[in-house]
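Visitor: Below is the file my_file-v5.tsv, which contains TSV, C-alpha atoms.
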```tsv
chain	number	residue	atom	x	y	z
G	4	MET	CA	100.10	191.26	169.66
G	5	PRO	CA	96.59	191.32	168.19
G	6	LEU	CA	95.85	188.60	165.67
G	7	THR	CA	94.93	191.31	163.15
G	8	ASP	CA	98.66	192.00	162.80
G	9	VAL	CA	99.31	188.45	161.55
G	10	THR	CA	99.60	187.53	157.88
G	11	ILE	CA	99.24	183.90	156.75
G	12	ARG	CA	100.93	182.98	153.48
G	13	LEU	CA	102.76	180.23	151.64
G	14	LEU	CA	106.50	180.10	152.22
G	15	ASN	CA	109.06	180.54	149.46
G	16	ASP	CA	112.82	180.02	149.21
G	17	THR	CA	113.64	183.29	150.96
G	18	ASP	CA	111.64	182.15	154.03
G	19	LEU	CA	113.66	178.97	154.57
G	20	PRO	CA	116.21	180.42	157.07
G	21	ALA	CA	113.36	181.79	159.24
G	22	TYR	CA	111.45	178.50	158.94
G	23	LYS	CA	114.50	176.49	159.97
G	24	ALA	CA	115.14	178.82	162.93
G	25	LEU	CA	111.51	178.48	164.09
G	26	ARG	CA	111.63	174.71	163.62
G	27	ASP	CA	114.86	174.45	165.61
G	28	ILE	CA	113.23	176.40	168.45
G	29	GLY	CA	110.27	174.02	168.34
G	30	LEU	CA	112.52	170.96	168.37
G	31	GLN	CA	114.43	172.30	171.35
G	32	HIS	CA	111.42	173.60	173.30
G	33	ASP	CA	109.03	170.67	172.63
G	34	PRO	CA	111.14	167.61	171.74
G	35	GLU	CA	108.21	165.25	172.42
G	36	ALA	CA	106.19	166.91	169.65
G	37	PHE	CA	108.54	165.91	166.82
G	38	THR	CA	110.05	162.71	165.51
G	39	SER	CA	113.13	164.68	164.44
G	40	ASP	CA	115.68	165.46	167.10
G	41	PHE	CA	117.25	168.86	167.69
G	42	ASP	CA	120.90	167.82	167.40
G	43	THR	CA	120.44	166.21	163.97
G	44	ALA	CA	117.99	168.75	162.53
G	45	SER	CA	119.81	171.85	163.76
G	46	ALA	CA	122.92	170.75	161.84
G	47	LEU	CA	121.01	170.77	158.53
G	48	PRO	CA	121.09	173.80	156.21
G	49	PRO	CA	117.84	175.73	155.57
G	50	ALA	CA	117.81	174.47	151.95
G	51	THR	CA	117.00	171.00	153.34
G	52	TYR	CA	113.38	172.11	153.67
G	53	ALA	CA	113.03	173.37	150.08
G	54	THR	CA	111.40	170.07	149.10
G	55	ARG	CA	108.44	171.00	151.33
G	56	LEU	CA	107.79	174.23	149.44
G	57	GLY	CA	104.98	174.32	146.95
G	58	GLN	CA	101.77	176.01	146.06
G	59	PRO	CA	98.41	174.32	145.57
G	60	PRO	CA	97.69	172.35	143.50
G	61	ASP	CA	101.18	171.02	144.39
G	62	ASP	CA	101.16	168.03	146.73
G	63	HIS	CA	103.04	169.82	149.48
G	64	PHE	CA	103.38	173.29	150.93
G	65	ILE	CA	104.35	175.19	154.04
G	66	LEU	CA	102.13	177.91	155.43
G	67	GLY	CA	103.66	180.54	157.64
G	68	ALA	CA	102.27	183.12	160.03
G	69	PHE	CA	104.13	186.44	160.05
G	70	ASP	CA	103.90	189.61	162.12
G	71	ALA	CA	103.84	193.12	160.64
G	72	SER	CA	107.65	193.26	160.61
G	73	GLY	CA	107.87	190.00	158.64
G	74	ALA	CA	109.03	187.81	161.53
G	75	MET	CA	107.77	184.21	161.34
G	76	LEU	CA	105.49	183.33	164.26
G	77	GLY	CA	104.35	179.87	163.24
G	78	ALA	CA	104.18	177.36	160.42
G	79	VAL	CA	102.43	174.18	159.31
G	80	VAL	CA	103.32	171.70	156.55
G	81	CYS	CA	101.12	169.72	154.17
G	82	GLU	CA	102.51	166.54	152.61
G	83	ARG	CA	100.27	164.60	150.25
G	84	GLU	CA	100.75	160.88	149.88
G	85	SER	CA	102.52	159.95	146.64
G	86	GLN	CA	101.40	156.31	146.27
G	87	LEU	CA	98.39	155.90	143.97
G	88	LYS	CA	96.29	154.04	146.55
G	89	LYS	CA	96.95	156.79	149.13
G	90	ARG	CA	96.56	159.89	146.91
G	91	HIS	CA	93.25	160.68	148.59
G	92	GLU	CA	95.15	161.48	151.81
G	93	ALA	CA	97.51	164.21	152.98
G	94	GLN	CA	99.34	164.66	156.26
G	95	LEU	CA	99.47	167.77	158.37
G	96	VAL	CA	102.98	167.73	159.84
G	97	GLY	CA	105.29	169.96	161.78
G	98	MET	CA	102.85	172.51	163.24
G	99	ILE	CA	105.02	175.02	165.10
G	100	ILE	CA	104.06	178.18	166.96
G	101	ALA	CA	106.79	180.24	168.62
G	102	PRO	CA	106.60	179.24	172.30
G	103	LYS	CA	106.11	182.81	173.59
G	104	LEU	CA	103.24	183.43	171.16
G	105	ARG	CA	101.04	180.42	171.81
G	106	LYS	CA	97.36	180.63	172.74
G	107	ARG	CA	96.85	183.83	170.75
G	108	GLY	CA	94.97	182.37	167.78
G	109	ILE	CA	97.95	181.91	165.46
G	110	GLY	CA	97.50	178.13	165.29
G	111	LYS	CA	93.79	178.52	164.64
G	112	ALA	CA	94.47	180.99	161.81
G	113	LEU	CA	97.07	178.67	160.27
G	114	LEU	CA	94.64	175.72	160.42
G	115	GLN	CA	91.86	177.75	158.79
G	116	GLU	CA	94.08	178.69	155.85
G	117	PHE	CA	95.49	175.14	155.70
G	118	ASP	CA	91.92	173.84	155.37
G	119	GLN	CA	91.17	176.25	152.51
G	120	LEU	CA	94.31	175.20	150.63
G	121	VAL	CA	93.94	171.42	151.02
G	122	ARG	CA	90.37	171.63	149.76
G	123	ARG	CA	91.82	172.92	146.46
G	124	LEU	CA	93.91	169.77	145.96
G	125	PRO	CA	92.12	167.61	143.35
G	126	GLY	CA	90.99	164.24	144.66
G	127	LEU	CA	92.04	164.89	148.25
G	128	GLU	CA	89.49	163.42	150.65
G	129	GLN	CA	91.13	163.46	154.08
G	130	VAL	CA	93.95	164.88	156.17
G	131	VAL	CA	95.64	162.95	158.98
G	132	LEU	CA	98.00	164.02	161.73
G	133	SER	CA	99.59	162.80	164.91
G	134	VAL	CA	99.93	164.95	168.01
G	135	THR	CA	101.46	164.32	171.41
G	136	ALA	CA	98.50	162.86	173.27
G	137	SER	CA	99.34	164.62	176.53
G	138	ASN	CA	99.29	168.06	174.85
G	139	ALA	CA	95.66	168.89	175.65
G	140	HIS	CA	95.88	172.37	174.12
G	141	ALA	CA	97.12	171.07	170.76
G	142	VAL	CA	94.60	168.21	170.73
G	143	GLY	CA	91.82	170.73	171.47
G	144	LEU	CA	93.04	173.04	168.71
G	145	TYR	CA	92.87	170.22	166.16
G	146	GLU	CA	89.45	169.09	167.42
G	147	ALA	CA	88.14	172.65	167.06
G	148	ALA	CA	89.42	172.59	163.46
G	149	GLY	CA	87.34	169.46	162.73
G	150	PHE	CA	89.84	166.68	163.34
G	151	VAL	CA	88.64	163.59	165.21
G	152	ARG	CA	90.77	161.12	167.09
G	153	TYR	CA	90.78	157.63	165.58
G	154	GLY	CA	93.59	155.99	167.49
G	155	LEU	CA	96.55	156.16	169.79
G	156	GLN	CA	100.12	155.13	169.11
G	157	PRO	CA	101.57	154.21	172.51
G	158	ARG	CA	105.23	154.98	173.13
G	159	ALA	CA	105.54	156.70	169.75
G	160	ILE	CA	108.41	158.95	170.83
G	161	LYS	CA	111.24	158.03	173.18
G	162	ILE	CA	113.40	160.75	174.68
G	163	GLY	CA	115.99	159.37	177.03
G	164	GLY	CA	114.00	156.90	179.08
G	165	ASP	CA	110.64	158.69	178.69
G	166	TYR	CA	107.94	157.66	176.22
G	167	HIS	CA	105.26	159.87	174.70
G	168	ASP	CA	102.07	158.61	173.09
G	169	LYS	CA	100.71	160.11	169.88
G	170	ALA	CA	97.02	160.72	169.28
G	171	LEU	CA	96.13	159.90	165.66
G	172	MET	CA	93.59	162.30	164.16
G	173	LEU	CA	91.69	162.58	160.89
G	174	LYS	CA	89.63	165.22	159.12
G	175	THR	CA	87.37	164.23	156.25
G	176	LEU	CA	87.07	166.95	153.61
```
How would this structure read if it were set down as structure tokens?
Guide:
Amino acid sequence: MPLTDVTIRLLNDTDLPAYKALRDIGLQHDPEAFTSDFDTASALPPATYATRLGQPPDDHFILGAFDASGAMLGAVVCERESQLKKRHEAQLVGMIIAPKLRKRGIGKALLQEFDQLVRRLPGLEQVVLSVTASNAHAVGLYEAAGFVRYGLQPRAIKIGGDYHDKALMLKTL
């Protein structure tokens, strides 16, 4: 599928079932990429994610990537810090691209639109994220979007007896 057939837009209430389905696929396919676990999250109703919906200048939003038929291909979430001393910072969380559609530019397109939207949030100075350190493709994608690594959280995720480190990244706006 050419990237020209992809539309990036903010999600609304009617998109929540598709978002939850995509998120569940991500949790199942890449458990080391999320702090949530599949068994717990898959039992939640789609409405659980309504608190993440918003539109700039709101402090939170979900961007989705859709094909020409309206199917959701990927998504990314922005959550701005609520505490006064942290209001200058937002977190990029929950980046998900459908496993079969990765490495086609969807993540790059989502990050470009994400950047445009966060720059419209008054007083926002930086965006932080954590990414599975061993996921070289994802780390490279974030670096290409202007994020720099500032730390490493060893053993951040434990699945069974296996640990996964998280690379901590920051983008100054």
Visitor: Could you pull the residues within 8 Å of Glu128 of chain G, counting all atoms listed in the file, minus those fewer than 6 positions along the same chain, as number ranges by chain?
Guide: G: 91-92, 175-176
Visitor: With C-alpha atoms kept, could you save the residues just selected as a PDB file, in the coordinates of the input?
Guide:
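Done, and the output landed in out.pdb:
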```
ATOM      1  CA  HIS G  91      93.250 160.680 148.590  1.00  0.00           C
ATOM      2  CA  GLU G  92      95.150 161.480 151.810  1.00  0.00           C
ATOM      3  CA  THR G 175      87.370 164.230 156.250  1.00  0.00           C
ATOM      4  CA  LEU G 176      87.070 166.950 153.610  1.00  0.00           C
TER       5      LEU G 176
END
```
Visitor: With all atoms listed in the file as the atoms that count, which of G:Ile162, G:Leu30, G:Leu19, G:Ala148 lies nearest to Pro48 of chain G?
Guide: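 Closest to Pro48 of chain G, using all atoms listed in the file: G:Leu19.
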Visitor: Can you measure atom CA of Gln129 of chain G to atom CA of Leu173 of chain G for me? One decimal in Å is fine.
Guide: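 Distance reported for this atom pair: 6.9 Å.
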Visitor: Near Val151 of chain G, counting all atoms listed in the file, which residues have an atom at most 8 Å away, once you skip same-chain residues fewer than 3 positions from it, shown as a list in words?
Guide: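 Once the nearby chain positions are removed, what remains is Tyr145, Glu146, Met172, Leu173 and Lys174 of chain G.
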Visitor: Give me the residues within 8 Å of segment 103-117 of chain G as a list in words, counting only C-alpha atoms and dropping any in the same chain fewer than 5 places off.
Guide: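 My reading of the contact set: Pro5, Leu6, Val9, Ile11, Leu66, Gly67, Ala68, Leu76, Gly77, Ala78, Val79, Cys81, Leu144 and Ala148 of chain G.
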Visitor: Go ahead and dump the residues you just picked, C-alpha atoms, as an mmCIF file, in the coordinates of the input.
Guide:
```
data_model
loop_
_atom_site.group_PDB
_atom_site.id
_atom_site.type_symbol
_atom_site.label_atom_id
_atom_site.label_comp_id
_atom_site.auth_asym_id
_atom_site.auth_seq_id
_atom_site.Cartn_x
_atom_site.Cartn_y
_atom_site.Cartn_z
ATOM 1 C CA PRO G 5 96.590 191.320 168.190
ATOM 2 C CA LEU G 6 95.850 188.600 165.670
ATOM 3 C CA VAL G 9 99.310 188.450 161.550
ATOM 4 C CA ILE G 11 99.240 183.900 156.750
ATOM 5 C CA LEU G 66 102.130 177.910 155.430
ATOM 6 C CA GLY G 67 103.660 180.540 157.640
ATOM 7 C CA ALA G 68 102.270 183.120 160.030
ATOM 8 C CA LEU G 76 105.490 183.330 164.260
ATOM 9 C CA GLY G 77 104.350 179.870 163.240
ATOM 10 C CA ALA G 78 104.180 177.360 160.420
ATOM 11 C CA VAL G 79 102.430 174.180 159.310
ATOM 12 C CA CYS G 81 101.120 169.720 154.170
ATOM 13 C CA LEU G 144 93.040 173.040 168.710
ATOM 14 C CA ALA G 148 89.420 172.590 163.460
#
```
Visitor: Which polymer residues have any atom within 12 Å of an atom of Thr38 of chain G, counting all atoms listed in the file, with same-chain residues fewer than 6 positions away left out, as an mmCIF file with C-alpha atoms, in the frame of the given file?
Guide:
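Listing of around_26.cif after writing:
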```cif
data_model
loop_
_atom_site.group_PDB
_atom_site.id
_atom_site.type_symbol
_atom_site.label_atom_id
_atom_site.label_comp_id
_atom_site.auth_asym_id
_atom_site.auth_seq_id
_atom_site.Cartn_x
_atom_site.Cartn_y
_atom_site.Cartn_z
ATOM 1 C CA GLY G 29 110.270 174.020 168.340
ATOM 2 C CA LEU G 30 112.520 170.960 168.370
ATOM 3 C CA ALA G 44 117.990 168.750 162.530
ATOM 4 C CA VAL G 96 102.980 167.730 159.840
ATOM 5 C CA GLY G 97 105.290 169.960 161.780
ATOM 6 C CA SER G 133 99.590 162.800 164.910
ATOM 7 C CA VAL G 134 99.930 164.950 168.010
ATOM 8 C CA THR G 135 101.460 164.320 171.410
ATOM 9 C CA ARG G 158 105.230 154.980 173.130
ATOM 10 C CA ALA G 159 105.540 156.700 169.750
ATOM 11 C CA ILE G 160 108.410 158.950 170.830
ATOM 12 C CA LYS G 161 111.240 158.030 173.180
ATOM 13 C CA ILE G 162 113.400 160.750 174.680
ATOM 14 C CA HIS G 167 105.260 159.870 174.700
ATOM 15 C CA ASP G 168 102.070 158.610 173.090
ATOM 16 C CA LYS G 169 100.710 160.110 169.880
#
```
Visitor: Select, from G:Ala46, G:Met75, G:Ala170, G:Ala24, the residue with the minimum atom-to-atom distance to Gly143 of chain G, counting all atoms listed in the file.
Guide: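 Checking each candidate against Gly143 of chain G, we get G:Ala170 as the closest.
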Visitor: Would you mind reading off the distance between atom CA of Val130 of chain G and atom CA of Leu95 of chain G, one decimal, in Å?
Guide: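 These two atoms are separated by 6.6 Å.
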Visitor: Between atom CA of Asp27 of chain G and atom CA of Val142 of chain G, what is the distance, to one decimal in Å?
Guide: 21.8 Å
Visitor: With all atoms listed in the file as the counted atoms, please give the residues lying no more than 8 Å from Ala74 of chain G, apart from itself and same-chain residues fewer than 4 positions off, as a VMD selection string.
Guide: chain G and resid 21 69 to 70
Visitor: Smallest atom-to-atom distance to Arg55 of chain G: which of G:Leu13, G:Ala71, G:Lys89, G:Asp40, using all atoms listed in the file?
Guide: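 Comparing G:Leu13, G:Ala71, G:Lys89, G:Asp40 against Arg55 of chain G, the winner is G:Leu13.
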Visitor: Find the residue from G:Val121, G:Leu155, G:Leu87, G:Ile99 that sits nearest to Ser137 of chain G; use only C-alpha atoms when measuring.
Guide: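 Of G:Val121, G:Leu155, G:Leu87, G:Ile99, the one nearest Ser137 of chain G, counting only C-alpha atoms, is G:Leu155.
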